[in-house]
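Below is model-v5.pdb, holding PDB, C-alpha atoms.
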```pdb
ATOM      1  CA  MET A  15       0.000   0.000   0.000
ATOM      2  CA  ILE A  16       1.128   3.557  -0.772
ATOM      3  CA  VAL A  17       0.381   6.222   1.824
ATOM      4  CA  LEU A  18       0.170   9.865   0.751
ATOM      5  CA  VAL A  19       0.578  12.319   3.642
ATOM      6  CA  GLN A  20      -1.339  15.603   3.621
ATOM      7  CA  PHE A  21      -0.225  18.592   5.688
ATOM      8  CA  PRO A  22      -2.017  21.912   5.948
ATOM      9  CA  GLY A  23      -0.653  23.754   2.916
ATOM     10  CA  THR A  24       0.072  20.657   0.840
ATOM     11  CA  THR A  25      -0.928  21.522  -2.722
ATOM     12  CA  CYS A  26       0.242  18.652  -4.949
ATOM     13  CA  ASP A  27      -1.712  15.861  -3.256
ATOM     14  CA  ARG A  28      -4.382  15.529  -5.959
ATOM     15  CA  GLU A  29      -2.080  15.065  -8.936
ATOM     16  CA  THR A  30       0.310  12.893  -6.913
ATOM     17  CA  LEU A  31      -2.644  10.735  -5.880
ATOM     18  CA  ALA A  32      -3.749  10.447  -9.534
ATOM     19  CA  ALA A  33      -0.254   9.340 -10.575
ATOM     20  CA  LEU A  34       0.112   6.802  -7.767
ATOM     21  CA  GLU A  35      -3.414   5.456  -8.364
ATOM     22  CA  ASP A  36      -2.424   4.883 -11.977
ATOM     23  CA  LEU A  37       0.552   2.808 -10.838
ATOM     24  CA  ARG A  38      -1.191   0.993  -7.973
ATOM     25  CA  PRO A  39      -4.970   1.095  -8.573
ATOM     26  CA  GLY A  40      -6.943   0.911  -5.349
ATOM     27  CA  ARG A  41      -3.828   0.721  -3.199
ATOM     28  CA  VAL A  42      -3.202   4.357  -2.316
ATOM     29  CA  ARG A  43      -4.425   5.930   0.939
ATOM     30  CA  LEU A  44      -4.450   9.537   2.068
ATOM     31  CA  HIS A  45      -3.026  10.165   5.528
ATOM     32  CA  TRP A  46      -3.709  13.330   7.562
ATOM     33  CA  HIS A  47      -0.727  14.939   9.300
ATOM     34  CA  GLN A  48      -2.241  14.606  12.758
ATOM     35  CA  ASP A  49      -2.783  10.855  12.490
ATOM     36  CA  CYS A  50      -0.045   8.935  14.224
ATOM     37  CA  ASP A  51      -0.122   5.366  13.010
ATOM     38  CA  LEU A  52       0.429   4.439   9.366
ATOM     39  CA  PRO A  53      -1.828   1.714   7.990
ATOM     40  CA  PRO A  54      -0.376  -1.774   8.303
ATOM     41  CA  GLN A  55       0.956  -3.022   4.939
ATOM     42  CA  THR A  56       2.424   0.409   4.216
ATOM     43  CA  GLU A  57       5.182  -0.116   1.641
ATOM     44  CA  LEU A  58       5.818   3.417   0.495
ATOM     45  CA  VAL A  59       5.056   6.748   2.139
ATOM     46  CA  VAL A  60       4.897   9.731  -0.215
ATOM     47  CA  LEU A  61       5.212  13.324   0.983
ATOM     48  CA  PRO A  62       3.862  15.517  -1.831
ATOM     49  CA  GLY A  63       4.795  19.051  -2.820
ATOM     50  CA  GLY A  64       3.280  22.287  -1.613
ATOM     51  CA  PHE A  65       3.836  24.802   1.139
ATOM     52  CA  SER A  66       3.208  22.866   4.338
ATOM     53  CA  TYR A  67       2.384  25.223   7.212
ATOM     54  CA  GLY A  68       2.909  28.135   4.838
ATOM     55  CA  ASP A  69       6.662  27.508   4.848
ATOM     56  CA  TYR A  70       6.705  29.208   8.268
ATOM     57  CA  LEU A  71      10.063  29.227  10.102
ATOM     58  CA  ARG A  72      11.790  27.248   7.312
ATOM     59  CA  ALA A  73      10.264  25.264   4.438
ATOM     60  CA  GLY A  74       9.228  21.886   5.843
ATOM     61  CA  ALA A  75      10.323  22.639   9.422
ATOM     62  CA  LEU A  76       6.917  22.438  11.086
ATOM     63  CA  ALA A  77       5.644  19.503   9.027
ATOM     64  CA  ALA A  78       8.781  17.559   9.984
ATOM     65  CA  ARG A  79       7.678  17.710  13.640
ATOM     66  CA  SER A  80       4.065  16.616  13.024
ATOM     67  CA  PRO A  81       2.630  13.411  14.512
ATOM     68  CA  ALA A  82       2.475  11.739  11.083
ATOM     69  CA  MET A  83       6.189  12.331  10.593
ATOM     70  CA  GLN A  84       7.016  10.487  13.807
ATOM     71  CA  ALA A  85       5.324   7.466  12.232
ATOM     72  CA  VAL A  86       7.109   8.059   8.920
ATOM     73  CA  ALA A  87      10.465   8.194  10.746
ATOM     74  CA  ALA A  88       9.649   4.898  12.477
ATOM     75  CA  HIS A  89       8.674   3.416   9.087
ATOM     76  CA  ALA A  90      12.020   4.578   7.660
ATOM     77  CA  ARG A  91      13.920   3.125  10.629
ATOM     78  CA  ARG A  92      12.289  -0.227   9.874
ATOM     79  CA  GLY A  93      13.678  -0.002   6.335
ATOM     80  CA  GLY A  94      10.443   1.228   4.752
ATOM     81  CA  TRP A  95      10.323   3.236   1.529
ATOM     82  CA  VAL A  96       9.729   6.988   1.693
ATOM     83  CA  LEU A  97       9.537   9.458  -1.193
ATOM     84  CA  GLY A  98       9.530  13.223  -0.717
ATOM     85  CA  ILE A  99       8.745  15.441  -3.701
ATOM     86  CA  CYS A 100       9.684  19.136  -3.551
ATOM     87  CA  ASN A 101       8.222  20.314  -0.218
ATOM     88  CA  GLY A 102       8.266  16.623   0.761
ATOM     89  CA  PHE A 103      12.035  16.613   0.141
ATOM     90  CA  GLN A 104      12.351  19.699   2.346
ATOM     91  CA  VAL A 105      10.340  17.936   5.067
ATOM     92  CA  LEU A 106      12.627  14.881   4.878
ATOM     93  CA  THR A 107      15.790  16.977   5.327
ATOM     94  CA  GLU A 108      14.167  18.891   8.182
ATOM     95  CA  ALA A 109      13.195  15.586   9.812
ATOM     96  CA  GLY A 110      16.788  14.378   9.550
ATOM     97  CA  LEU A 111      15.756  11.454   7.330
ATOM     98  CA  LEU A 112      17.897  12.821   4.496
ATOM     99  CA  PRO A 113      21.180  14.728   4.840
ATOM    100  CA  GLY A 114      21.722  18.366   3.914
ATOM    101  CA  ALA A 115      19.218  21.183   3.589
ATOM    102  CA  LEU A 116      17.295  23.119   0.954
ATOM    103  CA  VAL A 117      17.693  26.872   1.094
ATOM    104  CA  ARG A 118      16.508  29.826  -0.994
ATOM    105  CA  ASN A 119      17.411  29.571  -4.694
ATOM    106  CA  ARG A 120      20.659  31.265  -5.710
ATOM    107  CA  ASP A 121      18.799  33.997  -7.594
ATOM    108  CA  ARG A 122      16.086  34.291  -4.912
ATOM    109  CA  GLN A 123      13.317  33.740  -7.420
ATOM    110  CA  PHE A 124      10.613  31.139  -7.535
ATOM    111  CA  ILE A 125      11.523  28.951 -10.506
ATOM    112  CA  CYS A 126       8.853  27.232 -12.578
ATOM    113  CA  ASP A 127      10.472  25.418 -15.481
ATOM    114  CA  THR A 128      11.214  22.050 -17.047
ATOM    115  CA  VAL A 129      14.814  20.914 -16.662
ATOM    116  CA  GLY A 130      17.081  18.156 -17.938
ATOM    117  CA  LEU A 131      18.302  15.696 -15.319
ATOM    118  CA  ASP A 132      20.912  12.974 -15.067
ATOM    119  CA  VAL A 133      20.395   9.879 -12.937
ATOM    120  CA  ALA A 134      23.526   9.773 -10.767
ATOM    121  CA  GLY A 135      22.640   7.206  -8.111
ATOM    122  CA  GLY A 136      19.898   5.684  -5.995
ATOM    123  CA  PRO A 137      18.440   2.189  -5.738
ATOM    124  CA  ALA A 138      20.263  -0.126  -8.183
ATOM    125  CA  ALA A 139      17.032  -1.400  -9.766
ATOM    126  CA  MET A 140      15.902   2.180 -10.466
ATOM    127  CA  MET A 141      19.242   3.133 -11.982
ATOM    128  CA  ALA A 142      19.122   0.075 -14.223
ATOM    129  CA  ALA A 143      15.560   0.822 -15.335
ATOM    130  CA  LEU A 144      16.350   4.467 -16.087
ATOM    131  CA  ALA A 145      19.687   3.806 -17.818
ATOM    132  CA  SER A 146      17.994   3.060 -21.113
ATOM    133  CA  GLY A 147      16.130   5.799 -22.911
ATOM    134  CA  PRO A 148      16.807   9.501 -23.285
ATOM    135  CA  PRO A 149      17.771  11.723 -20.313
ATOM    136  CA  LEU A 150      14.895  12.754 -18.088
ATOM    137  CA  ARG A 151      13.174  16.114 -18.381
ATOM    138  CA  LEU A 152      10.999  17.018 -15.407
ATOM    139  CA  PRO A 153       9.149  20.099 -14.184
ATOM    140  CA  ILE A 154      10.471  22.036 -11.201
ATOM    141  CA  ALA A 155       8.571  24.672  -9.222
ATOM    142  CA  HIS A 156      10.231  25.954  -6.063
ATOM    143  CA  ARG A 157      11.842  28.840  -4.236
ATOM    144  CA  GLU A 158      13.791  26.848  -1.642
ATOM    145  CA  GLY A 159      15.482  24.269  -3.855
ATOM    146  CA  CYS A 160      19.161  25.077  -3.471
ATOM    147  CA  TYR A 161      20.683  21.952  -1.952
ATOM    148  CA  VAL A 162      23.476  22.516   0.567
ATOM    149  CA  ALA A 163      25.433  20.112   2.746
ATOM    150  CA  ALA A 164      28.764  19.964   4.559
ATOM    151  CA  PRO A 165      31.741  18.955   2.344
ATOM    152  CA  ALA A 166      32.092  15.578   4.090
ATOM    153  CA  VAL A 167      28.412  14.820   3.467
ATOM    154  CA  LEU A 168      28.707  15.734  -0.220
ATOM    155  CA  GLU A 169      31.732  13.489  -0.558
ATOM    156  CA  GLN A 170      29.807  10.617   1.000
ATOM    157  CA  LEU A 171      26.787  11.173  -1.258
ATOM    158  CA  LEU A 172      29.053  11.188  -4.310
ATOM    159  CA  GLY A 173      31.114   8.175  -3.249
ATOM    160  CA  ASP A 174      28.102   6.045  -2.326
ATOM    161  CA  GLN A 175      26.091   6.937  -5.445
ATOM    162  CA  ARG A 176      23.379   8.506  -3.345
ATOM    163  CA  ILE A 177      22.713  11.458  -5.637
ATOM    164  CA  LEU A 178      19.417  10.470  -7.286
ATOM    165  CA  LEU A 179      19.304  13.255  -9.845
ATOM    166  CA  ARG A 180      21.522  16.113 -10.976
ATOM    167  CA  TYR A 181      20.596  19.116 -13.056
ATOM    168  CA  ARG A 182      21.974  18.363 -16.463
ATOM    169  CA  ASP A 183      24.805  20.326 -18.096
ATOM    170  CA  ALA A 184      25.373  22.185 -14.850
ATOM    171  CA  GLY A 185      29.108  22.395 -15.478
ATOM    172  CA  GLN A 186      29.474  25.551 -17.517
ATOM    173  CA  ALA A 187      29.279  28.588 -15.272
ATOM    174  CA  GLY A 188      26.195  27.313 -13.528
ATOM    175  CA  ALA A 189      24.194  26.994 -16.739
ATOM    176  CA  GLY A 190      21.695  24.204 -16.320
ATOM    177  CA  ASN A 191      21.836  24.444 -12.527
ATOM    178  CA  PRO A 192      18.711  26.513 -11.965
ATOM    179  CA  ASN A 193      18.913  27.090  -8.227
ATOM    180  CA  GLY A 194      22.613  26.964  -7.329
ATOM    181  CA  SER A 195      22.508  23.547  -5.650
ATOM    182  CA  MET A 196      25.870  22.176  -4.546
ATOM    183  CA  GLN A 197      27.054  19.523  -7.023
ATOM    184  CA  ALA A 198      23.921  20.425  -9.032
ATOM    185  CA  ILE A 199      21.986  18.056  -6.788
ATOM    186  CA  ALA A 200      18.267  17.723  -7.557
ATOM    187  CA  GLY A 201      17.646  14.677  -5.360
ATOM    188  CA  VAL A 202      19.356  12.389  -2.857
ATOM    189  CA  CYS A 203      18.641   9.158  -1.011
ATOM    190  CA  SER A 204      19.451   7.661   2.377
ATOM    191  CA  ALA A 205      22.337   5.260   3.022
ATOM    192  CA  ASN A 206      20.004   2.248   2.662
ATOM    193  CA  ARG A 207      18.518   3.781  -0.551
ATOM    194  CA  ARG A 208      14.970   3.591   0.790
ATOM    195  CA  VAL A 209      14.345   7.234   1.647
ATOM    196  CA  LEU A 210      14.316   9.344  -1.521
ATOM    197  CA  GLY A 211      13.909  13.080  -1.924
ATOM    198  CA  LEU A 212      13.844  15.152  -5.090
ATOM    199  CA  MET A 213      12.927  18.709  -6.062
ATOM    200  CA  PRO A 214      11.471  17.928  -9.538
ATOM    201  CA  HIS A 215       7.818  16.873  -9.806
ATOM    202  CA  PRO A 216       7.466  13.490 -11.543
ATOM    203  CA  GLU A 217       3.678  13.582 -11.000
ATOM    204  CA  ARG A 218       3.480  16.616 -13.305
ATOM    205  CA  ALA A 219       4.992  14.697 -16.230
ATOM    206  CA  PHE A 220       2.781  11.661 -16.014
ATOM    207  CA  ALA A 221      -0.581  11.776 -17.791
ATOM    208  CA  GLY A 222      -0.832  11.828 -21.571
ATOM    209  CA  TRP A 223      -2.116  15.405 -21.586
ATOM    210  CA  HIS A 224       0.981  16.554 -19.657
ATOM    211  CA  GLY A 225       2.891  16.125 -22.907
ATOM    212  CA  ASN A 226       5.809  14.532 -21.090
ATOM    213  CA  GLY A 227       5.932  11.009 -19.726
ATOM    214  CA  ASP A 228       9.318  11.203 -17.991
ATOM    215  CA  GLY A 229       7.774  11.480 -14.538
ATOM    216  CA  LYS A 230       5.841   8.293 -15.183
ATOM    217  CA  ARG A 231       9.086   6.594 -16.227
ATOM    218  CA  TRP A 232      10.729   7.699 -12.992
ATOM    219  CA  LEU A 233       7.846   6.699 -10.710
ATOM    220  CA  GLN A 234       7.427   3.386 -12.524
ATOM    221  CA  ALA A 235      11.113   2.659 -11.953
ATOM    222  CA  LEU A 236      10.607   3.364  -8.243
ATOM    223  CA  VAL A 237       7.550   1.101  -7.963
ATOM    224  CA  GLN A 238       9.400  -1.633  -9.884
ATOM    225  CA  ALA A 239      12.373  -1.289  -7.521
ATOM    226  CA  ILE A 240      10.004  -1.737  -4.569
ATOM    227  CA  ASP A 241       8.369  -4.761  -6.227
ATOM    228  CA  SER A 242      11.716  -6.349  -7.052
ATOM    229  CA  LEU A 243      12.568  -6.778  -3.357
TER     230      LEU A 243
ATOM    231  CA  MET B  24      11.775  36.584  31.375
ATOM    232  CA  LEU B  25      12.027  37.938  27.858
ATOM    233  CA  VAL B  26      14.893  36.681  25.712
ATOM    234  CA  ARG B  27      15.716  36.839  22.042
ATOM    235  CA  ILE B  28      17.342  34.362  19.720
ATOM    236  CA  GLU B  29      19.132  35.802  16.727
ATOM    237  CA  VAL B  30      19.393  33.408  13.816
ATOM    238  CA  PHE B  31      21.673  33.967  10.834
ATOM    239  CA  SER B  32      22.680  31.975   7.802
ATOM    240  CA  ARG B  33      26.076  30.333   8.331
ATOM    241  CA  PRO B  34      28.866  32.498   6.913
ATOM    242  CA  ASP B  35      30.247  29.704   4.710
ATOM    243  CA  LEU B  36      26.957  29.403   2.809
ATOM    244  CA  LEU B  37      25.742  31.656   0.044
ATOM    245  CA  ASP B  38      23.307  34.038   1.738
ATOM    246  CA  ALA B  39      21.466  35.248  -1.339
ATOM    247  CA  GLN B  40      18.997  37.417   0.593
ATOM    248  CA  SER B  41      21.694  39.388   2.403
ATOM    249  CA  LYS B  42      23.673  39.759  -0.802
ATOM    250  CA  ALA B  43      20.636  41.119  -2.625
ATOM    251  CA  VAL B  44      19.802  43.602   0.141
ATOM    252  CA  LEU B  45      23.423  44.783   0.345
ATOM    253  CA  HIS B  46      23.404  45.264  -3.405
ATOM    254  CA  ALA B  47      20.190  47.298  -3.181
ATOM    255  CA  VAL B  48      21.609  49.448  -0.382
ATOM    256  CA  ARG B  49      24.685  50.216  -2.481
ATOM    257  CA  LEU B  50      22.538  50.991  -5.501
ATOM    258  CA  LEU B  51      20.839  53.672  -3.413
ATOM    259  CA  GLY B  52      24.235  55.353  -3.337
ATOM    260  CA  HIS B  53      25.184  54.652   0.267
ATOM    261  CA  GLN B  54      28.911  54.350   0.827
ATOM    262  CA  GLY B  55      30.874  52.813   3.667
ATOM    263  CA  ILE B  56      28.788  49.697   4.168
ATOM    264  CA  GLN B  57      31.132  46.759   4.320
ATOM    265  CA  GLY B  58      28.688  44.010   5.151
ATOM    266  CA  LEU B  59      25.030  43.333   5.745
ATOM    267  CA  ARG B  60      23.258  40.247   6.995
ATOM    268  CA  VAL B  61      19.539  39.641   7.144
ATOM    269  CA  GLY B  62      18.558  37.201   9.850
ATOM    270  CA  ARG B  63      15.596  36.101  11.917
ATOM    271  CA  LEU B  64      14.689  37.268  15.387
ATOM    272  CA  ILE B  65      12.710  35.043  17.724
ATOM    273  CA  GLU B  66      11.419  36.517  20.963
ATOM    274  CA  LEU B  67      10.561  34.134  23.768
ATOM    275  CA  GLU B  68       8.717  34.856  26.949
ATOM    276  CA  LEU B  69       9.961  32.284  29.412
ATOM    277  CA  ALA B  70       8.460  31.286  32.731
ATOM    278  CA  VAL B  71      11.667  30.025  34.311
ATOM    279  CA  ALA B  72      13.431  30.627  37.611
ATOM    280  CA  ASP B  73      16.860  31.732  36.469
ATOM    281  CA  ARG B  74      19.279  32.235  33.611
ATOM    282  CA  ALA B  75      20.627  28.694  33.753
ATOM    283  CA  GLU B  76      17.161  27.245  33.312
ATOM    284  CA  ALA B  77      16.480  29.675  30.472
ATOM    285  CA  GLU B  78      19.708  28.729  28.722
ATOM    286  CA  ALA B  79      18.926  25.027  28.974
ATOM    287  CA  LEU B  80      15.406  25.519  27.625
ATOM    288  CA  VAL B  81      16.578  27.707  24.752
ATOM    289  CA  ALA B  82      19.310  25.212  23.834
ATOM    290  CA  GLU B  83      16.688  22.475  23.684
ATOM    291  CA  LEU B  84      14.292  24.538  21.551
ATOM    292  CA  VAL B  85      17.054  25.584  19.194
ATOM    293  CA  GLN B  86      18.113  22.003  18.698
ATOM    294  CA  THR B  87      14.666  20.542  18.144
ATOM    295  CA  LEU B  88      13.042  23.182  15.960
ATOM    296  CA  LEU B  89      14.080  26.810  15.888
ATOM    297  CA  VAL B  90      17.480  26.647  14.188
ATOM    298  CA  HIS B  91      18.619  24.484  11.290
ATOM    299  CA  PRO B  92      21.885  22.765  12.241
ATOM    300  CA  VAL B  93      23.162  22.622   8.655
ATOM    301  CA  THR B  94      22.408  26.137   7.476
ATOM    302  CA  GLU B  95      22.079  28.433  10.479
ATOM    303  CA  ASP B  96      23.982  29.869  13.452
ATOM    304  CA  TRP B  97      22.309  31.454  16.457
ATOM    305  CA  ARG B  98      22.921  33.372  19.635
ATOM    306  CA  LEU B  99      20.899  34.082  22.711
ATOM    307  CA  VAL B 100      20.439  37.752  23.572
ATOM    308  CA  TRP B 101      19.474  38.783  27.099
ATOM    309  CA  PRO B 102      17.524  41.959  27.734
ATOM    310  CA  GLY B 103      19.985  44.732  28.441
ATOM    311  CA  ASP B 104      22.824  42.900  26.712
ATOM    312  CA  GLU B 105      23.013  45.483  24.025
ATOM    313  CA  ALA B 106      22.681  49.204  24.300
ATOM    314  CA  GLY B 107      19.879  50.526  22.168
ATOM    315  CA  TRP B 108      17.952  47.281  22.103
ATOM    316  CA  SER B 109      14.479  48.546  21.403
ATOM    317  CA  THR B 110      11.457  46.459  22.245
ATOM    318  CA  PRO B 111       8.374  47.866  20.604
ATOM    319  CA  GLY B 112       5.316  46.524  22.345
ATOM    320  CA  HIS B 113       7.239  45.552  25.446
ATOM    321  CA  PRO B 114       7.991  47.855  28.345
TER     322      PRO B 114
END
```

In structure tokens, how does this file's structure come out?
Amino acid sequence: MIVLVQFPGTTCDRETLAALEDLRPGRVRLHWHQDCDLPPQTELVVLPGGFSYGDYLRAGALAARSPAMQAVAAHARRGGWVLGICNGFQVLTEAGLLPGALVRNRDRQFICDTVGLDVAGGPAAMMAALASGPPLRLPIAHREGCYVAAPAVLEQLLGDQRILLRYRDAGQAGAGNPNGSMQAIAGVCSANRRVLGLMPHPERAFAGWHGNGDGKRWLQALVQAIDSL
Amino acid sequence: MLVRIEVFSRPDLLDAQSKAVLHAVRLLGHQGIQGLRVGRLIELELAVADRAEAEALVAELVQTLLVHPVTEDWRLVWPGDEAGWSTPGHP
């Protein structure tokens, strides 16, 4: 079962639900932030995008301390799968389930765009599934998407292939790196490769009318990786 | 007891907001401004017996929620610590 957590201020729950329902018909449940226990049989918890608690204090800071997140942390400690998209990624870093932090974009603007991405790490089955086919192009929409981490943490992420996605062609004078993220990081995963966070929105490149199926490719690879274990 | 926590972006990180404000200040033609940092001020009204208890409570709050350990530095400011500390709304 896939559990989709809703916080006050979550805005991407509907389209994320539609995408997950497409992948796992009848096996997606919504979960309110004040509810403590996750349903039994929870395989994957998804934290969707939005502006939880109005981004008060820091983006994701208050959601990370909600009752639901205590249960999500326990689920992660048991080796459960967790996916955080955009604000969900911010919540996961704030909760300490992923390393580093997401701060205001380099140019201080809200960026709404579609960007090229390279798969640089993550669960082996996902990497294998995504290796074939053209590079991913996914929508981004955020103001706090600049990934920062201590040098030792970055080294570890690089060495252990824990960088899920990197903004493509970020090498030349920052071109291609929309928000100034260190190492052009667009997503990372935990040491056991079960907790995943990314700034791009795969659920917005999913349905036929989106005109881009790369998000579906990415989410399908994730669901297949979960199924393969 | 009224205390304040000053929170600033860590100096080794790009602080885009402060950079932008400094740039704007210079564009206005002001000279002699070497640095500028925009931070966050949190005022706490504590019902505690003494300074030690206040310090312990603040340290706990800072660690669990108020300050991000990766991106931010903080300091505790006591009333009267700084000359000219104005407290609108508080006597």

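The coordinates place atom CA of A:Arg180 at 5.2 Å from atom CA of A:Asp132.
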
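Nearest-residue note for chain A: choosing from B:Val85, B:Leu36, B:Val61, B:Val100, the minimum distance belongs to B:Leu36, counting all atoms listed in the file.
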
Applying 8 Å and all atoms listed in the file, which residues near B:Gly62 remain after dropping the ones on its own chain fewer than 6 positions away? List them as a CSV table (one decimal) with C-alpha atoms, in the coordinates of the input.
```csv
chain,number,residue,atom,x,y,z
B,29,GLU,CA,19.1,35.8,16.7
B,30,VAL,CA,19.4,33.4,13.8
B,31,PHE,CA,21.7,34.0,10.8
B,32,SER,CA,22.7,32.0,7.8
```

Once you count all atoms listed in the file, which residues of chain B turn out to be within 12 Å of chain A? Could you give them as JSON, numbers by chain?
{"B": [30, 32, 33, 35, 36, 37, 38, 39, 40, 41, 42, 43, 44, 62, 63, 64, 65, 86, 87, 88, 89, 90, 91, 92, 93, 94, 95]}

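Residues lying within 6 Å of A:Gly136, counting only C-alpha atoms and ignoring same-chain neighbours fewer than 4 positions away, are Arg176, Leu178 and Arg207 of chain A.
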
Write a file of the selected residues as a compact mmCIF listing (two decimals), in the frame of the given file, keeping C-alpha atoms.
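The new file result-v3.txt reads:
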```txt
# COMPACT_ATOMS: atom_id res chain seq x y z
CA ARG A 176 23.38 8.51 -3.34
CA LEU A 178 19.42 10.47 -7.29
CA ARG A 207 18.52 3.78 -0.55
```

Could you rebuild stretch 27-50 of chain B with N, CA and C atoms and give me the result as an mmCIF file, in the frame of the given file?
```cif
data_model
loop_
_atom_site.group_PDB
_atom_site.id
_atom_site.type_symbol
_atom_site.label_atom_id
_atom_site.label_comp_id
_atom_site.auth_asym_id
_atom_site.auth_seq_id
_atom_site.Cartn_x
_atom_site.Cartn_y
_atom_site.Cartn_z
ATOM 1 N N ARG B 27 15.783 36.871 23.499
ATOM 2 C CA ARG B 27 15.716 36.839 22.042
ATOM 3 C C ARG B 27 16.759 35.867 21.496
ATOM 4 N N ILE B 28 16.383 35.211 20.433
ATOM 5 C CA ILE B 28 17.342 34.362 19.720
ATOM 6 C C ILE B 28 17.556 34.992 18.344
ATOM 7 N N GLU B 29 18.794 35.275 18.052
ATOM 8 C CA GLU B 29 19.132 35.802 16.727
ATOM 9 C C GLU B 29 19.622 34.645 15.867
ATOM 10 N N VAL B 30 19.035 34.509 14.709
ATOM 11 C CA VAL B 30 19.393 33.408 13.816
ATOM 12 C C VAL B 30 19.920 33.986 12.504
ATOM 13 N N PHE B 31 21.090 33.513 12.092
ATOM 14 C CA PHE B 31 21.673 33.967 10.834
ATOM 15 C C PHE B 31 22.118 32.777 10.005
ATOM 16 N N SER B 32 22.134 32.976 8.707
ATOM 17 C CA SER B 32 22.680 31.975 7.802
ATOM 18 C C SER B 32 24.164 31.793 8.122
ATOM 19 N N ARG B 33 24.661 30.577 8.042
ATOM 20 C CA ARG B 33 26.076 30.333 8.331
ATOM 21 C C ARG B 33 26.947 31.078 7.326
ATOM 22 N N PRO B 34 28.063 31.652 7.803
ATOM 23 C CA PRO B 34 28.866 32.498 6.913
ATOM 24 C C PRO B 34 29.464 31.747 5.717
ATOM 25 N N ASP B 35 29.638 30.433 5.826
ATOM 26 C CA ASP B 35 30.247 29.704 4.710
ATOM 27 C C ASP B 35 29.237 29.350 3.618
ATOM 28 N N LEU B 36 27.963 29.677 3.837
ATOM 29 C CA LEU B 36 26.957 29.403 2.809
ATOM 30 C C LEU B 36 26.618 30.677 2.055
ATOM 31 N N LEU B 37 26.204 30.506 0.817
ATOM 32 C CA LEU B 37 25.742 31.656 0.044
ATOM 33 C C LEU B 37 24.457 32.175 0.679
ATOM 34 N N ASP B 38 24.485 33.422 1.136
ATOM 35 C CA ASP B 38 23.307 34.038 1.738
ATOM 36 C C ASP B 38 22.738 35.020 0.720
ATOM 37 N N ALA B 39 21.923 34.472 -0.183
ATOM 38 C CA ALA B 39 21.466 35.248 -1.339
ATOM 39 C C ALA B 39 20.646 36.461 -0.914
ATOM 40 N N GLN B 40 19.847 36.304 0.141
ATOM 41 C CA GLN B 40 18.997 37.417 0.593
ATOM 42 C C GLN B 40 19.854 38.597 1.056
ATOM 43 N N SER B 41 20.838 38.315 1.892
ATOM 44 C CA SER B 41 21.694 39.388 2.403
ATOM 45 C C SER B 41 22.467 40.050 1.268
ATOM 46 N N LYS B 42 22.921 39.222 0.339
ATOM 47 C CA LYS B 42 23.673 39.759 -0.802
ATOM 48 C C LYS B 42 22.806 40.718 -1.614
ATOM 49 N N ALA B 43 21.548 40.304 -1.821
ATOM 50 C CA ALA B 43 20.636 41.119 -2.625
ATOM 51 C C ALA B 43 20.324 42.436 -1.922
ATOM 52 N N VAL B 44 20.129 42.377 -0.603
ATOM 53 C CA VAL B 44 19.802 43.602 0.141
ATOM 54 C C VAL B 44 21.004 44.539 0.163
ATOM 55 N N LEU B 45 22.196 43.970 0.354
ATOM 56 C CA LEU B 45 23.423 44.783 0.345
ATOM 57 C C LEU B 45 23.579 45.474 -1.011
ATOM 58 N N HIS B 46 23.313 44.714 -2.057
ATOM 59 C CA HIS B 46 23.404 45.264 -3.405
ATOM 60 C C HIS B 46 22.436 46.437 -3.570
ATOM 61 N N ALA B 47 21.214 46.250 -3.055
ATOM 62 C CA ALA B 47 20.190 47.298 -3.181
ATOM 63 C C ALA B 47 20.601 48.544 -2.397
ATOM 64 N N VAL B 48 21.166 48.329 -1.219
ATOM 65 C CA VAL B 48 21.609 49.448 -0.382
ATOM 66 C C VAL B 48 22.692 50.243 -1.107
ATOM 67 N N ARG B 49 23.600 49.535 -1.751
ATOM 68 C CA ARG B 49 24.685 50.216 -2.481
ATOM 69 C C ARG B 49 24.165 50.945 -3.709
ATOM 70 N N LEU B 50 23.136 50.338 -4.330
ATOM 71 C CA LEU B 50 22.538 50.991 -5.501
ATOM 72 C C LEU B 50 21.892 52.317 -5.132
#
```
